[in-house]
Amino acid sequence: MIQHNSLPRVAYFCMEYALHESLPIYAGGLGVLAGDILKSAKDLELPLIGVGILWREGYTKQHIGPDNWPYDEFPAIYTSSLQDTGVQVQVQVYDRMVPVRIWKTQAFGNVALYLLNTDVPGSDFGWITRRLYGGSAHDRIAQEIVLGIGGVRALRALDLDIQIYHFNEGHAVLAGLELIREKINRGLSFEEAWRHTRDEVVFTTHTPVMAGNESHSHDLLQQLGAYNGLTYREMSTVGGDPFSMTVAGLRLARLANAVSKQHGLTARAMWQDIAERAPILSITNGVHQRTWQNEDIKKAYEEKCDLWPAHQRVKKQLLFEITKRTGKTLDPEKLLIGFARRATPYKRSNLIFSRPEIISPLLEEGHIQLVFSGKAHPQDEAGKNLVSELIRMTQTYPQSVVFLENYDLELGRLLTSGCDLWLNTPQRPLEASGTSGMKAALNGVLNLSVLDGWWPEGCLHGVNGWQFGDGYEGPDQEQRDLLSLYKTLLTEVIPTYYRDRPRWQRMMRASIEMAVCTFTAARMLKEYYNLMYLPTVSKRTGIKANTTVNVTAMMKRGVSPS
Ligand SMILES: *Cc1c(COP(=O)(O)O)cnc(C)c1O
């Protein structure tokens with residue numbers, strides 16, 4: 001019998017973690033994924049810990065001005081949920097040694113998360129960990145030195161024994177350079193050190209657009225000290241020239257994963273010409289059930305009760321909050337469609353408004369109500385324009401369209417449990433996975449989505465939600481998606497909601513079942529262990545691959561199921 005303590009010990013590296021709205025060290029989906037992983041690892045008693053950064057200022061608290069424009073504020077992070085470990089390490093930035101303090105939190109039902117911070121009395125390098133995704137390429141590289149190189153040094157200073165280093169997205173890959181340097185210091189050649197490092201690293205890629213994959217010039221990396229003792233030849237062997245963080249991740253890892261089946265296809269095609277890269281598996285994201293599933297809904301679902309009264313209670317809580325925040329009163333008996341996402345062009349948050357002759361009557365005659373939320377990145381003008389556009393829609397349709405400012409975990413929970421329908425309109429294939437739709441599905445909030453990201457794996461059209469668009473990618477994609485969206489709304493969604501409530505309720509139950517069976521973080525972690533961590537370790541140590549069965553069995557027993 002394999003004990004938990006014989007499973008590989010994993011250090012999970014990520015730039016952001018969304019554990020709770022009171023600790024705003026996250027921007028969006030990447031952080032939500034990382035936070036959910038740490039909570040599920042705790043439930044399942046898996047030997048995994050997190051490594052991240054304690055930002056001095058939270059990610060933008062975004063408010064809409066009287067001119068309809070989103071304005072940013074960066075409130076100081078409140079550290080009462082954090083412990084100072086008293087341990088410090090140093091990293092080199094430019095030619096200076098920078099002290100890094102290590103904090104720890106376990107306050108949110110998560111396994112230990114170690115957070116690095118450069119605000120050390122007497123040091124003038126506090127700027128490095130000031131702001132998540134803020135600043136220039138210089139700032140970003142310095143942050144990545146702290147996360148990656150500092151992260152590995154922190155694990156050593158804390159005396160934590162780690163067998164697998166999991167880099168979630170490219171930000172963490174400089175950790176691989178430290179793992180290589182350690183081995184070179186013990187007398188290995190660069191090639192040997194690189195090979196051994198690959199035997200302990202796995203990598204997750206999230207970005208299906210080439211331009212979204214971060215890369216840096218070698219000059220800048222060298223100037224900042226990111227070479228970490230390696231030469232230009234060695235650095236370009238790892239990351240190319242310019243140095244691509246994703247290519248480095250793929251070459252430093254034994255195994256890599258994309259975050260949905262569809263994203264796997266995209267990623268494998270995107271990186272097919274990269275020599276010596278890790279195979280890219282598809283491990284679809286999942287969400288932490290206890291965080292995202294409303295208690296009332298869970299109870300009604302598990303006790304096989306009528307879901308409708310529970311759903312209406314949750315919906316009314318959301319409507320109450322909408323009134324509190326916007327002064328507007330929506331009708332609990334009318335179809336409420338939700339859309340909350342990072343405001344960025346490919347998500348097409350205003351697609352539904354494209355044809356006023358179709359959408360105006362629906363909104364003005366009270367057939368549908370729309371609730372939006374979402375932040376734009378502080379430096380993203382196009383994203384801010386989208387938010388501004390949505391605000392104008394709330395003024396054009398004051399009775400039926402609302403926008404909630406400052407999208408965060410709390411709003412995410414309210415919206416993905418209290419709407420009737422969850423709309424998802426990304427431009428395929430740019431949504432690598434998407435997780436808000438999984439949260440909605442867990443609560444019986446039906447998805448209406450293009451076939452992108454996770455949805456092709458979950459969708460049974462007309463049974464547990466709806467698709468629109470036919471998966472076509474080409475020049476008139478937007479028009480085709482749009483017409484299909486209107487058609488599905490008018491001929492399927494709206495009639496079912498108002499005229500066939502029993503069917504709507506059957507669909508709610510089917511939606512919850514789909515999400516509970518397939519789209520939880522527990523399932524995802526099981527796949528991380530079975531498909532990435534254990535195969536990587538067994539290659540190194542000769543532990544039999546059938547250890548994997550025990551992980552599955554353990555999870556079936558449900559050490560602590562959600
Ligand atoms: C779930 C969540 C996200 C990610 O949702 P996507 O559907 O992947 O865009 C982003 N921000 C918050 C606050 C969330 O709760």
# chains A, B, ... in the order shown; residues from 1 in each chain; ligands from 1

call {"tool": "residues_around", "arguments": {"residues": "A:Phe372", "least_positions_apart": "2", "cutoff": "8 Å", "atoms": "only C-alpha atoms", "output": "list in words"}}
result
Gly338, Phe339, Ala340, Leu370, Gly374, Leu390, Val401, Val402, Phe403 and Leu404 of chain A

call {"tool": "residues_near_ligand", "arguments": {"ligand": "ligand 1", "cutoff": "7 Å", "atoms": "only C-alpha atoms and all ligand atoms", "output": "MDAnalysis selection string"}}
result
chainID A and resid 27:29 32 341:342 407:409 411:413 433:437

call {"tool": "write_last_selection", "arguments": {"atoms": "C-alpha atoms", "output": "PDB file, in the first residue's frame"}}
result
ATOM      1  CA  ALA A  27      -5.357  39.070 -11.519  1.00  0.00           C
ATOM      2  CA  GLY A  28      -7.582  36.376 -12.995  1.00  0.00           C
ATOM      3  CA  GLY A  29      -7.944  32.820 -14.187  1.00  0.00           C
ATOM      4  CA  VAL A  32      -7.822  31.083  -9.552  1.00  0.00           C
ATOM      5  CA  ARG A 341     -14.467  38.015 -17.441  1.00  0.00           C
ATOM      6  CA  ARG A 342     -11.254  39.885 -17.840  1.00  0.00           C
ATOM      7  CA  TYR A 407     -14.699  41.756 -10.441  1.00  0.00           C
ATOM      8  CA  ASP A 408     -13.084  39.595  -7.756  1.00  0.00           C
ATOM      9  CA  LEU A 409     -13.521  36.190  -6.134  1.00  0.00           C
ATOM     10  CA  LEU A 411     -18.349  38.632  -7.184  1.00  0.00           C
ATOM     11  CA  GLY A 412     -17.253  35.554  -9.106  1.00  0.00           C
ATOM     12  CA  ARG A 413     -18.969  33.336  -6.529  1.00  0.00           C
ATOM     13  CA  SER A 433      -9.685  26.563 -21.010  1.00  0.00           C
ATOM     14  CA  GLY A 434     -11.830  29.060 -19.097  1.00  0.00           C
ATOM     15  CA  THR A 435     -13.028  28.126 -15.637  1.00  0.00           C
ATOM     16  CA  SER A 436     -15.909  30.459 -14.800  1.00  0.00           C
ATOM     17  CA  GLY A 437     -18.214  28.264 -16.904  1.00  0.00           C
TER      18      GLY A 437
END

call {"tool": "select_by_dssp", "arguments": {"residues": "stretch 89-262 of chain A", "states": "strand (DSSP E or B)", "output": "PyMOL selection string"}}
result
chain A and resi 89-93+96-105+113-117+131+164-168+201-204+215-216+243-244+255-258

call {"tool": "write_last_selection", "arguments": {"atoms": "N, CA, C and O atoms", "output": "short mmCIF file (atom, residue, chain, number, x, y, z; two decimals), in the first residue's frame"}}
result
data_model
loop_
_atom_site.label_atom_id
_atom_site.label_comp_id
_atom_site.auth_asym_id
_atom_site.auth_seq_id
_atom_site.Cartn_x
_atom_site.Cartn_y
_atom_site.Cartn_z
N VAL A 89 16.34 34.79 1.98
CA VAL A 89 17.34 34.34 1.01
C VAL A 89 17.80 35.56 0.24
O VAL A 89 17.28 36.66 0.44
N GLN A 90 18.76 35.35 -0.67
CA GLN A 90 19.22 36.45 -1.50
C GLN A 90 19.19 36.05 -2.96
O GLN A 90 19.42 34.88 -3.29
N VAL A 91 18.89 37.00 -3.83
CA VAL A 91 19.05 36.78 -5.27
C VAL A 91 19.85 37.94 -5.83
O VAL A 91 19.89 39.02 -5.22
N GLN A 92 20.46 37.69 -6.99
CA GLN A 92 21.19 38.79 -7.62
C GLN A 92 20.32 39.49 -8.65
O GLN A 92 19.72 38.84 -9.51
N VAL A 93 20.20 40.81 -8.54
CA VAL A 93 19.50 41.61 -9.56
C VAL A 93 20.45 42.73 -9.95
O VAL A 93 20.97 43.43 -9.08
N ARG A 96 23.71 43.53 -7.84
CA ARG A 96 23.51 43.68 -6.39
C ARG A 96 22.85 42.45 -5.79
O ARG A 96 22.10 41.75 -6.46
N MET A 97 23.12 42.20 -4.51
CA MET A 97 22.43 41.11 -3.83
C MET A 97 21.17 41.68 -3.19
O MET A 97 21.22 42.65 -2.45
N VAL A 98 20.06 41.06 -3.49
CA VAL A 98 18.76 41.53 -3.01
C VAL A 98 18.22 40.57 -1.95
O VAL A 98 18.05 39.38 -2.22
N PRO A 99 17.97 41.07 -0.74
CA PRO A 99 17.39 40.18 0.27
C PRO A 99 15.89 39.94 0.01
O PRO A 99 15.18 40.86 -0.38
N VAL A 100 15.49 38.71 0.20
CA VAL A 100 14.10 38.32 -0.05
C VAL A 100 13.55 37.66 1.21
O VAL A 100 14.15 36.72 1.74
N ARG A 101 12.43 38.17 1.67
CA ARG A 101 11.81 37.64 2.87
C ARG A 101 10.75 36.61 2.49
O ARG A 101 10.06 36.78 1.49
N ILE A 102 10.59 35.59 3.32
CA ILE A 102 9.63 34.53 2.99
C ILE A 102 8.48 34.52 3.98
O ILE A 102 8.69 34.33 5.19
N TRP A 103 7.30 34.71 3.45
CA TRP A 103 6.08 34.64 4.24
C TRP A 103 5.39 33.32 3.93
O TRP A 103 5.72 32.63 2.99
N LYS A 104 4.40 33.01 4.77
CA LYS A 104 3.70 31.74 4.56
C LYS A 104 2.23 31.93 4.90
O LYS A 104 1.91 32.67 5.83
N THR A 105 1.35 31.30 4.14
CA THR A 105 -0.05 31.30 4.55
C THR A 105 -0.70 29.94 4.33
O THR A 105 -0.40 29.24 3.35
N LEU A 113 1.47 27.84 1.41
CA LEU A 113 1.89 28.68 0.29
C LEU A 113 2.99 29.62 0.80
O LEU A 113 2.76 30.38 1.75
N TYR A 114 4.19 29.53 0.21
CA TYR A 114 5.31 30.40 0.59
C TYR A 114 5.35 31.59 -0.37
O TYR A 114 5.34 31.40 -1.59
N LEU A 115 5.38 32.78 0.20
CA LEU A 115 5.30 33.99 -0.61
C LEU A 115 6.56 34.83 -0.42
O LEU A 115 6.94 35.15 0.71
N LEU A 116 7.20 35.19 -1.52
CA LEU A 116 8.46 35.92 -1.48
C LEU A 116 8.21 37.42 -1.63
O LEU A 116 7.34 37.83 -2.41
N ASN A 117 9.00 38.20 -0.90
CA ASN A 117 8.79 39.64 -0.91
C ASN A 117 10.12 40.35 -0.68
O ASN A 117 10.93 39.91 0.14
N ARG A 131 4.11 45.39 -7.50
CA ARG A 131 2.84 45.31 -8.21
C ARG A 131 2.81 44.17 -9.22
O ARG A 131 3.66 44.10 -10.09
N ILE A 164 9.46 17.23 -7.31
CA ILE A 164 8.95 17.76 -8.59
C ILE A 164 8.76 19.27 -8.47
O ILE A 164 8.16 19.76 -7.50
N TYR A 165 9.26 19.99 -9.46
CA TYR A 165 9.06 21.44 -9.55
C TYR A 165 8.08 21.67 -10.70
O TYR A 165 8.37 21.31 -11.85
N HIS A 166 6.93 22.22 -10.37
CA HIS A 166 5.89 22.43 -11.40
C HIS A 166 5.81 23.93 -11.70
O HIS A 166 5.45 24.72 -10.82
N PHE A 167 6.18 24.30 -12.92
CA PHE A 167 6.12 25.72 -13.32
C PHE A 167 4.79 25.99 -13.98
O PHE A 167 4.51 25.49 -15.08
N ASN A 168 3.95 26.77 -13.32
CA ASN A 168 2.66 27.09 -13.91
C ASN A 168 2.80 28.36 -14.73
O ASN A 168 2.85 29.46 -14.20
N VAL A 201 11.26 18.43 -13.46
CA VAL A 201 10.43 19.62 -13.77
C VAL A 201 9.25 19.23 -14.67
O VAL A 201 9.41 18.44 -15.60
N VAL A 202 8.08 19.78 -14.37
CA VAL A 202 6.95 19.73 -15.31
C VAL A 202 6.45 21.16 -15.51
O VAL A 202 6.68 22.04 -14.67
N PHE A 203 5.78 21.36 -16.63
CA PHE A 203 5.44 22.73 -17.06
C PHE A 203 4.01 22.78 -17.59
O PHE A 203 3.59 21.90 -18.33
N THR A 204 3.27 23.82 -17.21
CA THR A 204 1.93 24.04 -17.76
C THR A 204 1.92 25.29 -18.62
O THR A 204 2.33 26.36 -18.16
N SER A 215 8.63 36.80 -24.04
CA SER A 215 10.04 36.55 -24.33
C SER A 215 10.84 37.79 -23.99
O SER A 215 10.29 38.89 -23.88
N HIS A 216 12.15 37.61 -23.78
CA HIS A 216 13.01 38.72 -23.38
C HIS A 216 14.29 38.71 -24.19
O HIS A 216 14.75 37.66 -24.62
N PHE A 243 14.91 35.09 -25.81
CA PHE A 243 14.68 34.03 -24.84
C PHE A 243 13.17 33.90 -24.59
O PHE A 243 12.56 34.77 -23.99
N SER A 244 12.58 32.80 -25.08
CA SER A 244 11.15 32.60 -24.88
C SER A 244 10.91 31.83 -23.59
O SER A 244 11.44 30.73 -23.39
N LEU A 255 7.80 16.64 -18.81
CA LEU A 255 6.43 16.57 -19.34
C LEU A 255 5.79 17.94 -19.18
O LEU A 255 6.07 18.65 -18.22
N ALA A 256 4.92 18.26 -20.13
CA ALA A 256 4.20 19.53 -20.06
C ALA A 256 2.73 19.27 -20.32
O ALA A 256 2.36 18.20 -20.80
N ASN A 257 1.90 20.23 -19.94
CA ASN A 257 0.49 20.08 -20.27
C ASN A 257 -0.13 21.38 -20.75
O ASN A 257 0.28 22.47 -20.35
N ALA A 258 -1.13 21.19 -21.62
CA ALA A 258 -2.03 22.28 -22.01
C ALA A 258 -3.27 22.11 -21.12
O ALA A 258 -3.43 21.09 -20.46
#

call {"tool": "closest_residue", "arguments": {"among": "A:Ser123, A:Asn406, A:Thr416, A:Thr246", "to": "A:Ala343", "atoms": "only C-alpha atoms"}}
result
A:Asn406

call {"tool": "closest_atom_pairs", "arguments": {"of": "stretch 478-536 of chain A", "to": "stretch 439-460 of chain A", "cutoff": "6 Å", "atoms": "only C-alpha atoms", "output": "CSV"}}
result
residue,atom,partner,partner_atom,distance
A:Met508,CA,A:Gly444,CA,4.2
A:Ser511,CA,A:Ala441,CA,5.2
A:Ile512,CA,A:Leu442,CA,4.6
A:Ala515,CA,A:Leu442,CA,5.2

call {"tool": "decode", "arguments": {"residues": "stretch 253-277 of chain A", "atoms": "N, CA, C and O atoms", "output": "tab-separated table (two decimals), in the first residue's frame"}}
result
chain	number	residue	atom	x	y	z
A	253	ALA	N	11.47	20.94	-18.95
A	253	ALA	CA	10.55	19.97	-18.33
A	253	ALA	C	10.64	18.61	-18.99
A	253	ALA	O	11.00	18.49	-20.17
A	254	ARG	N	10.31	17.59	-18.21
A	254	ARG	CA	10.20	16.24	-18.77
A	254	ARG	C	8.84	16.09	-19.44
A	254	ARG	O	8.69	15.50	-20.49
A	255	LEU	N	7.80	16.64	-18.81
A	255	LEU	CA	6.43	16.57	-19.34
A	255	LEU	C	5.79	17.94	-19.18
A	255	LEU	O	6.07	18.65	-18.22
A	256	ALA	N	4.92	18.26	-20.13
A	256	ALA	CA	4.20	19.53	-20.06
A	256	ALA	C	2.73	19.27	-20.32
A	256	ALA	O	2.36	18.20	-20.80
A	257	ASN	N	1.90	20.23	-19.94
A	257	ASN	CA	0.49	20.08	-20.27
A	257	ASN	C	-0.13	21.38	-20.75
A	257	ASN	O	0.28	22.47	-20.35
A	258	ALA	N	-1.13	21.19	-21.62
A	258	ALA	CA	-2.03	22.28	-22.01
A	258	ALA	C	-3.27	22.11	-21.12
A	258	ALA	O	-3.43	21.09	-20.46
A	259	VAL	N	-4.16	23.11	-21.13
A	259	VAL	CA	-5.20	23.14	-20.09
A	259	VAL	C	-6.60	22.72	-20.55
A	259	VAL	O	-7.56	22.87	-19.79
A	260	SER	N	-6.70	22.19	-21.77
A	260	SER	CA	-7.93	21.52	-22.21
A	260	SER	C	-7.53	20.66	-23.40
A	260	SER	O	-6.42	20.81	-23.94
A	261	LYS	N	-8.42	19.77	-23.84
A	261	LYS	CA	-8.08	18.92	-24.98
A	261	LYS	C	-7.85	19.78	-26.23
A	261	LYS	O	-6.88	19.60	-26.96
A	262	GLN	N	-8.77	20.72	-26.42
A	262	GLN	CA	-8.67	21.60	-27.59
A	262	GLN	C	-7.38	22.44	-27.54
A	262	GLN	O	-6.68	22.60	-28.54
A	263	HIS	N	-7.05	22.96	-26.35
A	263	HIS	CA	-5.82	23.73	-26.21
A	263	HIS	C	-4.60	22.86	-26.47
A	263	HIS	O	-3.58	23.32	-27.00
A	264	GLY	N	-4.70	21.58	-26.12
A	264	GLY	CA	-3.60	20.65	-26.39
A	264	GLY	C	-3.30	20.59	-27.89
A	264	GLY	O	-2.15	20.63	-28.31
A	265	LEU	N	-4.37	20.51	-28.70
A	265	LEU	CA	-4.18	20.48	-30.16
A	265	LEU	C	-3.48	21.75	-30.62
A	265	LEU	O	-2.53	21.72	-31.39
A	266	THR	N	-3.98	22.89	-30.12
A	266	THR	CA	-3.40	24.18	-30.51
A	266	THR	C	-1.94	24.25	-30.09
A	266	THR	O	-1.08	24.64	-30.87
A	267	ALA	N	-1.66	23.88	-28.85
A	267	ALA	CA	-0.30	24.03	-28.31
A	267	ALA	C	0.68	23.10	-29.03
A	267	ALA	O	1.80	23.49	-29.34
A	268	ARG	N	0.24	21.87	-29.30
A	268	ARG	CA	1.16	20.94	-29.98
A	268	ARG	C	1.48	21.45	-31.39
A	268	ARG	O	2.62	21.36	-31.85
A	269	ALA	N	0.48	22.03	-32.05
A	269	ALA	CA	0.74	22.58	-33.40
A	269	ALA	C	1.65	23.80	-33.29
A	269	ALA	O	2.58	23.97	-34.08
A	270	MET	N	1.41	24.63	-32.28
A	270	MET	CA	2.19	25.85	-32.11
A	270	MET	C	3.67	25.59	-31.87
A	270	MET	O	4.53	26.32	-32.33
A	271	TRP	N	3.97	24.55	-31.10
A	271	TRP	CA	5.35	24.29	-30.68
A	271	TRP	C	5.97	23.08	-31.36
A	271	TRP	O	6.99	22.58	-30.93
A	272	GLN	N	5.35	22.65	-32.48
A	272	GLN	CA	5.83	21.40	-33.10
A	272	GLN	C	7.27	21.49	-33.58
A	272	GLN	O	7.97	20.48	-33.61
A	273	ASP	N	7.73	22.68	-33.93
A	273	ASP	CA	9.09	22.79	-34.47
A	273	ASP	C	10.16	23.00	-33.41
A	273	ASP	O	11.33	23.14	-33.73
A	274	ILE	N	9.76	23.06	-32.17
A	274	ILE	CA	10.74	23.27	-31.10
A	274	ILE	C	11.43	21.94	-30.80
A	274	ILE	O	10.78	20.99	-30.35
A	275	ALA	N	12.75	21.90	-31.06
A	275	ALA	CA	13.49	20.66	-30.81
A	275	ALA	C	13.64	20.43	-29.31
A	275	ALA	O	13.66	21.38	-28.54
A	276	GLU	N	13.74	19.16	-28.94
A	276	GLU	CA	14.03	18.77	-27.55
A	276	GLU	C	13.04	19.32	-26.54
A	276	GLU	O	13.39	19.66	-25.42
A	277	ARG	N	11.77	19.40	-26.98
A	277	ARG	CA	10.80	19.89	-26.00
A	277	ARG	C	10.06	18.71	-25.37
A	277	ARG	O	10.00	17.62	-25.92
